[in-house]
Amino acid sequence: MAGEAKTILAYSENPDTLFELLSEARELAGKIQGEAAAVLLGEKVEANLEELGAYGASKVYIVENPQLKGFQVEAYTDALYGVAEQVKPELILIGATKRGKELAPRLAQRLKTGCVAECVGFEVADGEIQMKRIVYAGKVSSLQKVKGKPAVATVPPRLFEKRKAEGKAEAVSLQVEVKAPKAEILEVKPKEVSGVRIEEAEVVVCGGRGIKSKEDFKLLGELAEILGGQVGCSRPIAADRGWFTEWVGLSGKKVKPTLYFAVGVSGAIQHVAGIRGSKIVVAINKDPEAPIFADADYGIVGDLYKVLPALIESLKKHLKKG
Amino acid sequence: MKIVVCAKYALDPGEIRIDPSGKPMLDRVPRKISDIDKNAMEAAINLKEKHGGTIQVVAFGPESARDGLKELLAMGADEAYLVVDPSDGRLDTMATAEALAAAIQKLGGFDLILCGEATIDGYAGQVGPRLAEKLGVPQVTYARSLTVEDGSLIAERDLEDAYEKVKVPLPALVSVTREINTPRIPTLMAILKASKKPFTLWKLEDVGLSREQLEQLSGIELVDMQGFAVERKRVVIKDKPVEEAVEELVSYLFKEKVLGA
Ligand SMILES: Cc1cc2nc3c(=O)[nH]c(=O)nc-3n(C[C@H](O)[C@H](O)[C@H](O)COP(=O)(O)OP(=O)(O)OC[C@H]3O[C@@H](n4cnc5c(N)ncnc54)[C@H](O)[C@@H]3O)c2cc1C
């Protein structure tokens, strides 16, 4: 429809992620003479229009429905589909949390459109939005375009900064059909989330399966503290052993510190995919054949239980003097 | 129970090289069954062992995928079906889901579709949810355990901030995580037996689709690809007393100016 503003819709069940998406959507909307809008879904919704406006939303589309109690992907797909049918956006941005990553493709399938998963950047060429994503375990950056309208994309949390500016949002309530989901949530066991923003750390000390117990991570903590850094881990430490909630790698966090320590980490390609942005990578591993040495700048072949205490002592000495 | 496992014969990203101009060299990259699809296969076998039934593997990919699917037959699948992708992998996840859905519909009903949380090459995690939507069944993603009781499936999902236990009626689609199990390695006997198991190759036309139709359905156009070659210095300190090795490392780090102010 000529003359009508092009809309970029942003949705995330996580409020901070929504603000980040809106800030990026506002910038992108500026390049296509459009506007950014937020979508809020829930059984009952409280919209802070001032805040949403400041982060970039011109409009806030609200769907309130008893079926939207708790995040159920079937119901949330219905709701977001209903919003998209009425608003006819150019692009729908969804936060790439696990919930977002299961919602976006289901929604895109219903809209019969393409979806770019975990976009790390946007470009506008000839008025068209192009999206960048990383493929092949971090080795290749792929620039893609969605053929139809609307385009759907998921965006990793904390990739873009939330930025406040002048702006006011107007609330628009929408009636959409939401069917009762077939799935039922029986129990939610919250994880103890550390709140550490490892993506932003200048130094990351990452432990793998070479670390024998959760207790032993204190050694890594000590090293991290001396260097003003954060502790991270490989996927099995978090997902198998449950010692942490987040991990570094292809399916976890992408870090970009000046100094990265891989301690008792073998260096699987999926792990390395998350550390490509590091300036200097140091590996400590007792196996001289471990692949991590090929992806490290400096390595020590040795038992981490001997190397780490010695390294901590040495750094204490040198950094005090320095 | 009728179980369908979806599997991708994926490019092995570990084998991809970047040419001097920065373009990835994607020709003749070795392929393998995407790792997490083997976890889906193992989950299917565990369910079959408990509840009986059949396991059919369905894939959309190049003709060479036959080799990979043989591995899944050796693990314990009863039959394998390969819909040949005529596009050399240029089609997107929507086209893939359409092709898989058409094949699954041709096979008749199902109780459960299992797939991996994402594939090792694209890591998009889209095909599962798209397939569930296309077939009109509920989806459970990121399952790290699952059981079936009285026509319902109970799964524990691994989300960033919580474990979520959900119950869905069958038929349903479940995507599993790497942590749900350890995929078995087939014995030589099983590998030999697998060569006698039914393997069916379908053209798109055999499942009621055409190449033109799928290209139209494919929602994404590739604009450009750029490889990242991260070069590391690879200085390895070994065969030295710990104190000496550590001092050497620390002096390197000072030279790199990465140790604080
Ligand atoms: C699709 C997909 C996505 C994945 N995503 C991720 C991801 O995002 N992040 C991730 O990390 N993994 C991921 N994985 C898993 C990955 O493939 C590896 O299995 C995992 O990274 C291995 O973890 P690790 O290095 O801690 O353990 P291991 O591979 O078991 O390595 C342990 C290392 O510790 C060393 N070691 C043992 N004891 C000592 C000691 N005393 N001193 C010194 N060294 C010691 C050993 O030599 C070994 O090299 C993914 C896998 C798949 C298929």
# chains A, B, ... in the order shown; residues from 1 in each chain; ligands from 1
call {"tool": "residues_near_ligand", "arguments": {"ligand": "ligand 1", "cutoff": "7 Å", "atoms": "only C-alpha atoms and all ligand atoms", "output": "PyMOL selection string"}}
result
(chain A and resi 207-211+233-237+247-252+263-271+274+284-287+290+302-305) or (chain B and resi 35-36+118-120+123+178)
call {"tool": "interface_residues", "arguments": {"of": "chain A", "to": "chain B", "cutoff": "6 Å", "atoms": "only C-alpha atoms", "output": "PyMOL selection string"}}
result
chain A and resi 105-106+109+113-114+117+135-136+139-147+183-191+240+294-301+311
call {"tool": "select_by_dssp", "arguments": {"residues": "region 193-322 of chain A", "states": "alpha helix (DSSP H)", "output": "mmCIF file with all heavy atoms, in the first residue's frame"}}
result
data_model
loop_
_atom_site.group_PDB
_atom_site.id
_atom_site.type_symbol
_atom_site.label_atom_id
_atom_site.label_comp_id
_atom_site.auth_asym_id
_atom_site.auth_seq_id
_atom_site.Cartn_x
_atom_site.Cartn_y
_atom_site.Cartn_z
ATOM 1 N N PHE A 217 36.578 -25.132 39.914
ATOM 2 C CA PHE A 217 36.416 -23.918 39.111
ATOM 3 C C PHE A 217 36.897 -22.682 39.878
ATOM 4 O O PHE A 217 37.114 -21.634 39.285
ATOM 5 C CB PHE A 217 34.967 -23.760 38.634
ATOM 6 C CG PHE A 217 34.770 -24.240 37.214
ATOM 7 C CD1 PHE A 217 34.409 -25.547 36.963
ATOM 8 C CD2 PHE A 217 34.990 -23.401 36.133
ATOM 9 C CE1 PHE A 217 34.267 -26.000 35.661
ATOM 10 C CE2 PHE A 217 34.847 -23.843 34.831
ATOM 11 C CZ PHE A 217 34.487 -25.156 34.594
ATOM 12 N N LYS A 218 37.059 -22.840 41.220
ATOM 13 C CA LYS A 218 37.595 -21.728 42.020
ATOM 14 C C LYS A 218 38.966 -21.298 41.517
ATOM 15 O O LYS A 218 39.310 -20.117 41.552
ATOM 16 C CB LYS A 218 37.705 -22.152 43.487
ATOM 17 C CG LYS A 218 36.368 -22.134 44.175
ATOM 18 C CD LYS A 218 36.531 -22.138 45.688
ATOM 19 C CE LYS A 218 35.165 -22.169 46.361
ATOM 20 N NZ LYS A 218 35.130 -23.138 47.467
ATOM 21 N N LEU A 219 39.743 -22.284 41.059
ATOM 22 C CA LEU A 219 41.061 -21.972 40.498
ATOM 23 C C LEU A 219 40.927 -21.034 39.303
ATOM 24 O O LEU A 219 41.696 -20.080 39.147
ATOM 25 C CB LEU A 219 41.718 -23.261 39.997
ATOM 26 C CG LEU A 219 42.674 -24.017 40.906
ATOM 27 C CD1 LEU A 219 43.114 -25.296 40.221
ATOM 28 C CD2 LEU A 219 43.880 -23.139 41.240
ATOM 29 N N LEU A 220 39.948 -21.322 38.456
ATOM 30 C CA LEU A 220 39.729 -20.469 37.282
ATOM 31 C C LEU A 220 39.233 -19.097 37.719
ATOM 32 O O LEU A 220 39.595 -18.073 37.143
ATOM 33 C CB LEU A 220 38.731 -21.123 36.314
ATOM 34 C CG LEU A 220 39.302 -22.252 35.459
ATOM 35 C CD1 LEU A 220 39.427 -23.543 36.243
ATOM 36 C CD2 LEU A 220 38.450 -22.481 34.227
ATOM 37 N N GLY A 221 38.406 -19.122 38.772
ATOM 38 C CA GLY A 221 37.881 -17.876 39.314
ATOM 39 C C GLY A 221 38.996 -16.982 39.817
ATOM 40 O O GLY A 221 38.981 -15.769 39.618
ATOM 41 N N GLU A 222 39.988 -17.617 40.445
ATOM 42 C CA GLU A 222 41.105 -16.854 40.994
ATOM 43 C C GLU A 222 41.890 -16.174 39.867
ATOM 44 O O GLU A 222 42.233 -14.994 39.941
ATOM 45 C CB GLU A 222 42.021 -17.799 41.768
ATOM 46 C CG GLU A 222 42.615 -17.191 43.012
ATOM 47 C CD GLU A 222 43.482 -18.209 43.755
ATOM 48 O OE1 GLU A 222 43.014 -19.340 43.987
ATOM 49 O OE2 GLU A 222 44.635 -17.863 44.050
ATOM 50 N N LEU A 223 42.156 -16.942 38.808
ATOM 51 C CA LEU A 223 42.871 -16.385 37.661
ATOM 52 C C LEU A 223 42.070 -15.242 37.041
ATOM 53 O O LEU A 223 42.608 -14.173 36.725
ATOM 54 C CB LEU A 223 43.131 -17.486 36.621
ATOM 55 C CG LEU A 223 43.824 -17.056 35.334
ATOM 56 C CD1 LEU A 223 45.185 -16.442 35.622
ATOM 57 C CD2 LEU A 223 43.985 -18.240 34.382
ATOM 58 N N ALA A 224 40.774 -15.461 36.889
ATOM 59 C CA ALA A 224 39.919 -14.432 36.290
ATOM 60 C C ALA A 224 39.944 -13.166 37.142
ATOM 61 O O ALA A 224 40.008 -12.053 36.614
ATOM 62 C CB ALA A 224 38.488 -14.953 36.146
ATOM 63 N N GLU A 225 39.916 -13.344 38.462
ATOM 64 C CA GLU A 225 39.863 -12.189 39.338
ATOM 65 C C GLU A 225 41.128 -11.337 39.227
ATOM 66 O O GLU A 225 41.054 -10.114 39.131
ATOM 67 C CB GLU A 225 39.648 -12.655 40.772
ATOM 68 C CG GLU A 225 39.106 -11.540 41.641
ATOM 69 C CD GLU A 225 38.922 -11.986 43.085
ATOM 70 O OE1 GLU A 225 38.409 -13.109 43.292
ATOM 71 O OE2 GLU A 225 39.313 -11.220 43.970
ATOM 72 N N ILE A 226 42.279 -12.011 39.197
ATOM 73 C CA ILE A 226 43.544 -11.285 39.081
ATOM 74 C C ILE A 226 43.558 -10.428 37.808
ATOM 75 O O ILE A 226 44.085 -9.325 37.775
ATOM 76 C CB ILE A 226 44.723 -12.270 39.022
ATOM 77 C CG1 ILE A 226 44.857 -13.002 40.355
ATOM 78 C CG2 ILE A 226 46.028 -11.550 38.703
ATOM 79 C CD1 ILE A 226 45.869 -14.129 40.305
ATOM 80 N N ARG A 235 30.357 -26.402 26.597
ATOM 81 C CA ARG A 235 28.965 -26.862 26.667
ATOM 82 C C ARG A 235 28.734 -28.027 27.624
ATOM 83 O O ARG A 235 27.780 -27.999 28.401
ATOM 84 C CB ARG A 235 28.464 -27.203 25.258
ATOM 85 C CG ARG A 235 27.066 -27.821 25.270
ATOM 86 C CD ARG A 235 26.398 -27.777 23.922
ATOM 87 N NE ARG A 235 25.155 -28.541 23.967
ATOM 88 C CZ ARG A 235 24.159 -28.413 23.110
ATOM 89 N NH1 ARG A 235 24.249 -27.551 22.137
ATOM 90 N NH2 ARG A 235 23.070 -29.135 23.227
ATOM 91 N N ILE A 269 35.396 -27.817 17.124
ATOM 92 C CA ILE A 269 35.060 -26.697 16.233
ATOM 93 C C ILE A 269 33.874 -25.891 16.751
ATOM 94 O O ILE A 269 33.833 -24.671 16.610
ATOM 95 C CB ILE A 269 34.831 -27.198 14.788
ATOM 96 C CG1 ILE A 269 34.591 -26.026 13.862
ATOM 97 C CG2 ILE A 269 33.711 -28.213 14.711
ATOM 98 C CD1 ILE A 269 34.635 -26.364 12.403
ATOM 99 N N GLN A 270 32.934 -26.575 17.407
ATOM 100 C CA GLN A 270 31.763 -25.841 17.920
ATOM 101 C C GLN A 270 32.145 -24.937 19.095
ATOM 102 O O GLN A 270 31.496 -23.938 19.349
ATOM 103 C CB GLN A 270 30.664 -26.809 18.368
ATOM 104 C CG GLN A 270 30.048 -27.610 17.247
ATOM 105 C CD GLN A 270 30.760 -28.921 17.010
ATOM 106 O OE1 GLN A 270 31.655 -29.299 17.754
ATOM 107 N NE2 GLN A 270 30.362 -29.626 15.955
ATOM 108 N N HIS A 271 33.178 -25.311 19.818
ATOM 109 C CA HIS A 271 33.630 -24.430 20.895
ATOM 110 C C HIS A 271 34.373 -23.230 20.296
ATOM 111 O O HIS A 271 34.104 -22.081 20.643
ATOM 112 C CB HIS A 271 34.537 -25.177 21.879
ATOM 113 C CG HIS A 271 34.932 -24.318 23.049
ATOM 114 N ND1 HIS A 271 34.099 -24.119 24.116
ATOM 115 C CD2 HIS A 271 36.034 -23.559 23.271
ATOM 116 C CE1 HIS A 271 34.689 -23.274 24.961
ATOM 117 N NE2 HIS A 271 35.859 -22.923 24.476
ATOM 118 N N VAL A 272 35.274 -23.521 19.372
ATOM 119 C CA VAL A 272 36.082 -22.465 18.755
ATOM 120 C C VAL A 272 35.194 -21.432 18.051
ATOM 121 O O VAL A 272 35.533 -20.247 17.980
ATOM 122 C CB VAL A 272 37.124 -23.095 17.798
ATOM 123 C CG1 VAL A 272 37.860 -22.033 17.011
ATOM 124 C CG2 VAL A 272 38.119 -23.946 18.596
ATOM 125 N N LEU A 304 46.590 -29.029 34.078
ATOM 126 C CA LEU A 304 46.044 -27.729 34.486
ATOM 127 C C LEU A 304 46.130 -27.535 35.990
ATOM 128 O O LEU A 304 46.236 -26.415 36.479
ATOM 129 C CB LEU A 304 44.612 -27.568 33.974
ATOM 130 C CG LEU A 304 43.485 -28.401 34.602
ATOM 131 C CD1 LEU A 304 42.814 -27.655 35.739
ATOM 132 C CD2 LEU A 304 42.469 -28.763 33.551
ATOM 133 N N TYR A 305 46.083 -28.647 36.737
ATOM 134 C CA TYR A 305 46.141 -28.541 38.198
ATOM 135 C C TYR A 305 47.528 -28.131 38.686
ATOM 136 O O TYR A 305 47.693 -27.734 39.831
ATOM 137 C CB TYR A 305 45.685 -29.858 38.840
ATOM 138 C CG TYR A 305 44.185 -30.050 38.710
ATOM 139 C CD1 TYR A 305 43.641 -30.802 37.676
ATOM 140 C CD2 TYR A 305 43.320 -29.421 39.603
ATOM 141 C CE1 TYR A 305 42.269 -30.950 37.549
ATOM 142 C CE2 TYR A 305 41.948 -29.559 39.487
ATOM 143 C CZ TYR A 305 41.421 -30.319 38.455
ATOM 144 O OH TYR A 305 40.071 -30.444 38.334
ATOM 145 N N LYS A 306 48.514 -28.240 37.821
ATOM 146 C CA LYS A 306 49.845 -27.736 38.180
ATOM 147 C C LYS A 306 50.067 -26.366 37.534
ATOM 148 O O LYS A 306 50.630 -25.469 38.143
ATOM 149 C CB LYS A 306 50.921 -28.709 37.671
ATOM 150 C CG LYS A 306 50.786 -30.105 38.268
ATOM 151 C CD LYS A 306 52.153 -30.783 38.366
ATOM 152 C CE LYS A 306 52.052 -32.107 39.084
ATOM 153 N NZ LYS A 306 51.687 -33.220 38.184
ATOM 154 N N VAL A 307 49.607 -26.229 36.281
ATOM 155 C CA VAL A 307 49.879 -24.993 35.535
ATOM 156 C C VAL A 307 49.115 -23.803 36.131
ATOM 157 O O VAL A 307 49.684 -22.721 36.317
ATOM 158 C CB VAL A 307 49.534 -25.161 34.040
ATOM 159 C CG1 VAL A 307 49.721 -23.855 33.300
ATOM 160 C CG2 VAL A 307 50.388 -26.257 33.412
ATOM 161 N N LEU A 308 47.839 -24.002 36.441
ATOM 162 C CA LEU A 308 47.045 -22.871 36.924
ATOM 163 C C LEU A 308 47.601 -22.266 38.216
ATOM 164 O O LEU A 308 47.787 -21.038 38.279
ATOM 165 C CB LEU A 308 45.572 -23.268 37.114
ATOM 166 C CG LEU A 308 44.671 -23.178 35.886
ATOM 167 C CD1 LEU A 308 43.223 -23.390 36.303
ATOM 168 C CD2 LEU A 308 44.799 -21.856 35.164
ATOM 169 N N PRO A 309 47.880 -23.077 39.250
ATOM 170 C CA PRO A 309 48.421 -22.456 40.477
ATOM 171 C C PRO A 309 49.727 -21.706 40.202
ATOM 172 O O PRO A 309 49.930 -20.603 40.729
ATOM 173 C CB PRO A 309 48.661 -23.657 41.401
ATOM 174 C CG PRO A 309 47.728 -24.715 40.914
ATOM 175 C CD PRO A 309 47.639 -24.517 39.431
ATOM 176 N N ALA A 310 50.578 -22.279 39.357
ATOM 177 C CA ALA A 310 51.843 -21.608 39.048
ATOM 178 C C ALA A 310 51.590 -20.304 38.300
ATOM 179 O O ALA A 310 52.239 -19.278 38.559
ATOM 180 C CB ALA A 310 52.724 -22.541 38.208
ATOM 181 N N LEU A 311 50.644 -20.338 37.386
ATOM 182 C CA LEU A 311 50.325 -19.136 36.606
ATOM 183 C C LEU A 311 49.757 -18.045 37.512
ATOM 184 O O LEU A 311 50.123 -16.857 37.400
ATOM 185 C CB LEU A 311 49.326 -19.507 35.496
ATOM 186 C CG LEU A 311 48.897 -18.389 34.556
ATOM 187 C CD1 LEU A 311 50.093 -17.793 33.827
ATOM 188 C CD2 LEU A 311 47.866 -18.897 33.541
ATOM 189 N N ILE A 312 48.901 -18.454 38.434
ATOM 190 C CA ILE A 312 48.309 -17.490 39.363
ATOM 191 C C ILE A 312 49.411 -16.831 40.209
ATOM 192 O O ILE A 312 49.445 -15.602 40.354
ATOM 193 C CB ILE A 312 47.256 -18.191 40.255
ATOM 194 C CG1 ILE A 312 46.019 -18.541 39.406
ATOM 195 C CG2 ILE A 312 46.846 -17.311 41.434
ATOM 196 C CD1 ILE A 312 45.063 -19.529 40.042
ATOM 197 N N GLU A 313 50.314 -17.660 40.726
ATOM 198 C CA GLU A 313 51.423 -17.123 41.521
ATOM 199 C C GLU A 313 52.260 -16.142 40.722
ATOM 200 O O GLU A 313 52.567 -15.043 41.166
ATOM 201 C CB GLU A 313 52.335 -18.271 42.007
ATOM 202 C CG GLU A 313 51.830 -18.970 43.258
ATOM 203 C CD GLU A 313 51.289 -17.984 44.281
ATOM 204 O OE1 GLU A 313 52.058 -17.086 44.702
ATOM 205 O OE2 GLU A 313 50.081 -18.078 44.644
ATOM 206 N N SER A 314 52.610 -16.551 39.514
ATOM 207 C CA SER A 314 53.460 -15.725 38.664
ATOM 208 C C SER A 314 52.785 -14.385 38.347
ATOM 209 O O SER A 314 53.420 -13.325 38.425
ATOM 210 C CB SER A 314 53.775 -16.483 37.375
ATOM 211 O OG SER A 314 54.321 -15.603 36.432
ATOM 212 N N LEU A 315 51.502 -14.440 38.015
ATOM 213 C CA LEU A 315 50.799 -13.201 37.661
ATOM 214 C C LEU A 315 50.688 -12.273 38.865
ATOM 215 O O LEU A 315 50.832 -11.054 38.742
ATOM 216 C CB LEU A 315 49.411 -13.522 37.096
ATOM 217 C CG LEU A 315 49.432 -14.058 35.662
ATOM 218 C CD1 LEU A 315 48.038 -14.541 35.260
ATOM 219 C CD2 LEU A 315 49.915 -12.996 34.681
ATOM 220 N N LYS A 316 50.435 -12.871 40.034
ATOM 221 C CA LYS A 316 50.346 -12.055 41.256
ATOM 222 C C LYS A 316 51.643 -11.267 41.435
ATOM 223 O O LYS A 316 51.636 -10.074 41.717
ATOM 224 C CB LYS A 316 50.155 -12.965 42.471
ATOM 225 C CG LYS A 316 48.692 -13.260 42.764
ATOM 226 C CD LYS A 316 48.601 -14.024 44.077
ATOM 227 C CE LYS A 316 47.195 -14.512 44.338
ATOM 228 N NZ LYS A 316 47.192 -15.633 45.292
ATOM 229 N N LYS A 317 52.740 -11.984 41.246
ATOM 230 C CA LYS A 317 54.061 -11.394 41.413
ATOM 231 C C LYS A 317 54.279 -10.276 40.384
ATOM 232 O O LYS A 317 54.552 -9.137 40.719
ATOM 233 C CB LYS A 317 55.091 -12.520 41.207
ATOM 234 C CG LYS A 317 56.469 -12.271 41.787
ATOM 235 C CD LYS A 317 57.324 -13.534 41.602
ATOM 236 C CE LYS A 317 57.632 -13.763 40.136
ATOM 237 N NZ LYS A 317 58.075 -15.106 39.780
ATOM 238 N N HIS A 318 54.089 -10.609 39.115
ATOM 239 C CA HIS A 318 54.377 -9.645 38.042
ATOM 240 C C HIS A 318 53.441 -8.447 38.066
ATOM 241 O O HIS A 318 53.864 -7.320 37.836
ATOM 242 C CB HIS A 318 54.236 -10.333 36.676
ATOM 243 C CG HIS A 318 55.374 -11.229 36.349
ATOM 244 N ND1 HIS A 318 56.614 -10.760 36.010
ATOM 245 C CD2 HIS A 318 55.465 -12.577 36.318
ATOM 246 C CE1 HIS A 318 57.421 -11.772 35.768
ATOM 247 N NE2 HIS A 318 56.750 -12.896 35.956
ATOM 248 N N LEU A 319 52.180 -8.680 38.321
ATOM 249 C CA LEU A 319 51.224 -7.577 38.226
ATOM 250 C C LEU A 319 51.356 -6.637 39.416
ATOM 251 O O LEU A 319 51.048 -5.459 39.309
ATOM 252 C CB LEU A 319 49.799 -8.101 38.078
ATOM 253 C CG LEU A 319 49.542 -8.800 36.740
ATOM 254 C CD1 LEU A 319 48.148 -9.398 36.701
ATOM 255 C CD2 LEU A 319 49.726 -7.833 35.562
ATOM 256 N N LYS A 320 51.820 -7.164 40.555
ATOM 257 C CA LYS A 320 52.025 -6.298 41.704
ATOM 258 C C LYS A 320 53.193 -5.342 41.414
ATOM 259 O O LYS A 320 53.103 -4.148 41.615
ATOM 260 C CB LYS A 320 52.320 -7.146 42.944
ATOM 261 C CG LYS A 320 51.960 -6.389 44.214
ATOM 262 C CD LYS A 320 51.729 -7.268 45.429
ATOM 263 C CE LYS A 320 52.735 -8.330 45.619
ATOM 264 N NZ LYS A 320 52.375 -9.315 46.622
ATOM 265 N N LYS A 321 54.245 -5.917 40.877
ATOM 266 C CA LYS A 321 55.424 -5.122 40.542
ATOM 267 C C LYS A 321 55.103 -4.075 39.490
ATOM 268 O O LYS A 321 55.451 -2.923 39.611
ATOM 269 C CB LYS A 321 56.530 -6.040 39.987
ATOM 270 C CG LYS A 321 57.590 -6.378 41.031
ATOM 271 C CD LYS A 321 58.841 -6.913 40.358
ATOM 272 C CE LYS A 321 58.554 -8.265 39.751
ATOM 273 N NZ LYS A 321 59.717 -8.877 39.111
#
call {"tool": "select_by_dssp", "arguments": {"residues": "region 65-272 of chain A", "states": "strand (DSSP E or B)", "output": "PyMOL selection string"}}
result
chain A and resi 91-95+115-116+119-125+128-135+140-146+151-155+170-173+184-190+203-207+230-233+248+253+259-263
call {"tool": "residues_around", "arguments": {"residues": "region 150-159 of chain A", "least_positions_apart": "6", "cutoff": "6 Å", "atoms": "only C-alpha atoms", "output": "list in words"}}
result
Thr17, Pro89, Glu90, Leu91, Ile92, Leu93, Ile94, Gly95, Ala96, Cys115, Val116, Ala117, Glu118 and Cys119 of chain A
call {"tool": "write_last_selection", "arguments": {"atoms": "all heavy atoms", "output": "short mmCIF file (atom, residue, chain, number, x, y, z; two decimals), in the first residue's frame"}}
result
data_model
loop_
_atom_site.label_atom_id
_atom_site.label_comp_id
_atom_site.auth_asym_id
_atom_site.auth_seq_id
_atom_site.Cartn_x
_atom_site.Cartn_y
_atom_site.Cartn_z
N THR A 17 15.89 -7.67 25.93
CA THR A 17 16.11 -8.02 24.52
C THR A 17 15.17 -7.21 23.63
O THR A 17 15.58 -6.72 22.57
CB THR A 17 15.89 -9.54 24.31
OG1 THR A 17 16.69 -10.25 25.25
CG2 THR A 17 16.26 -9.96 22.90
N PRO A 89 3.81 -5.96 8.37
CA PRO A 89 5.15 -5.38 8.51
C PRO A 89 6.08 -5.80 7.38
O PRO A 89 5.82 -6.76 6.66
CB PRO A 89 5.66 -5.97 9.83
CG PRO A 89 4.95 -7.29 9.94
CD PRO A 89 3.60 -7.09 9.30
N GLU A 90 7.19 -5.05 7.24
CA GLU A 90 8.26 -5.41 6.31
C GLU A 90 9.09 -6.54 6.89
O GLU A 90 9.55 -7.42 6.19
CB GLU A 90 9.21 -4.22 6.14
CG GLU A 90 8.67 -3.08 5.35
CD GLU A 90 8.65 -3.41 3.88
OE1 GLU A 90 9.71 -3.75 3.31
OE2 GLU A 90 7.54 -3.35 3.31
N LEU A 91 9.32 -6.39 8.20
CA LEU A 91 10.27 -7.27 8.87
C LEU A 91 9.78 -7.51 10.29
O LEU A 91 9.30 -6.60 10.95
CB LEU A 91 11.65 -6.58 8.88
CG LEU A 91 12.78 -7.19 9.71
CD1 LEU A 91 13.18 -8.56 9.17
CD2 LEU A 91 14.00 -6.26 9.71
N ILE A 92 9.92 -8.76 10.75
CA ILE A 92 9.60 -9.08 12.15
C ILE A 92 10.89 -9.54 12.81
O ILE A 92 11.49 -10.53 12.38
CB ILE A 92 8.54 -10.19 12.23
CG1 ILE A 92 7.28 -9.80 11.45
CG2 ILE A 92 8.20 -10.50 13.69
CD1 ILE A 92 6.24 -10.91 11.35
N LEU A 93 11.32 -8.81 13.83
CA LEU A 93 12.52 -9.20 14.57
C LEU A 93 12.11 -9.90 15.85
O LEU A 93 11.26 -9.40 16.60
CB LEU A 93 13.34 -7.96 14.94
CG LEU A 93 13.92 -7.13 13.81
CD1 LEU A 93 14.70 -5.94 14.37
CD2 LEU A 93 14.84 -8.00 12.94
N ILE A 94 12.71 -11.04 16.10
CA ILE A 94 12.38 -11.80 17.31
C ILE A 94 13.68 -12.10 18.04
O ILE A 94 14.67 -12.50 17.43
CB ILE A 94 11.65 -13.11 16.93
CG1 ILE A 94 10.29 -12.76 16.30
CG2 ILE A 94 11.46 -14.02 18.15
CD1 ILE A 94 9.49 -13.95 15.81
N GLY A 95 13.70 -11.89 19.34
CA GLY A 95 14.90 -12.15 20.14
C GLY A 95 15.26 -13.62 20.08
O GLY A 95 14.40 -14.48 20.28
N ALA A 96 16.54 -13.91 19.81
CA ALA A 96 16.95 -15.31 19.62
C ALA A 96 17.27 -15.99 20.95
O ALA A 96 18.32 -16.58 21.13
CB ALA A 96 18.13 -15.39 18.67
N CYS A 115 13.01 -17.01 6.98
CA CYS A 115 13.44 -16.54 8.29
C CYS A 115 14.95 -16.68 8.36
O CYS A 115 15.49 -17.72 8.01
CB CYS A 115 12.77 -17.38 9.37
SG CYS A 115 13.39 -17.10 11.04
N VAL A 116 15.62 -15.63 8.78
CA VAL A 116 17.08 -15.70 8.94
C VAL A 116 17.36 -15.85 10.43
O VAL A 116 17.00 -14.99 11.23
CB VAL A 116 17.75 -14.43 8.36
CG1 VAL A 116 19.26 -14.51 8.55
CG2 VAL A 116 17.40 -14.29 6.88
N ALA A 117 17.99 -16.96 10.78
CA ALA A 117 18.21 -17.26 12.19
C ALA A 117 19.47 -16.57 12.70
O ALA A 117 20.49 -16.55 12.03
CB ALA A 117 18.32 -18.77 12.40
N GLU A 118 19.38 -16.01 13.88
CA GLU A 118 20.52 -15.40 14.57
C GLU A 118 21.32 -14.45 13.70
O GLU A 118 22.51 -14.64 13.44
CB GLU A 118 21.40 -16.48 15.18
CG GLU A 118 20.62 -17.23 16.26
CD GLU A 118 21.45 -18.23 17.02
OE1 GLU A 118 22.15 -17.82 17.94
OE2 GLU A 118 21.37 -19.43 16.69
N CYS A 119 20.62 -13.40 13.26
CA CYS A 119 21.25 -12.34 12.47
C CYS A 119 22.25 -11.58 13.31
O CYS A 119 21.96 -11.25 14.45
CB CYS A 119 20.21 -11.30 12.12
SG CYS A 119 19.36 -11.68 10.69
#
call {"tool": "residues_around", "arguments": {"residues": "Gly229 (chain A)", "least_positions_apart": "4", "cutoff": "8 Å", "atoms": "only C-alpha atoms", "output": "PyMOL selection string"}}
result
chain A and resi 201-205+224-225
call {"tool": "atom_distance", "arguments": {"atom1": "CA of Leu69 (chain B)", "atom2": "CA of Ser34 (chain B)"}}
result
10.9 Å
call {"tool": "closest_residue", "arguments": {"among": "A:Glu200, A:Glu215, A:Glu161, A:Glu246", "to": "Thr258 (chain A)", "atoms": "only C-alpha atoms"}}
result
A:Glu200
call {"tool": "atom_distance", "arguments": {"atom1": "CA of Val282 (chain A)", "atom2": "CA of Leu227 (chain A)"}}
result
13.7 Å
call {"tool": "residues_around", "arguments": {"residues": "Lys179 (chain A)", "least_positions_apart": "3", "cutoff": "10 Å", "atoms": "only C-alpha atoms", "output": "MDAnalysis selection string"}}
result
chainID A and resid 65:68 74:79 176 182
call {"tool": "residues_around", "arguments": {"residues": "region 196-206 of chain B", "least_positions_apart": "2", "cutoff": "8 Å", "atoms": "only C-alpha atoms", "output": "list in words"}}
result
Leu73, Asp78, Glu79, Ala80, Tyr81, Leu82, Val83, Val84, Asp85, Ala99, Leu192, Lys193, Ala194, Gly208, Leu209, Ser210 and Arg211 of chain B
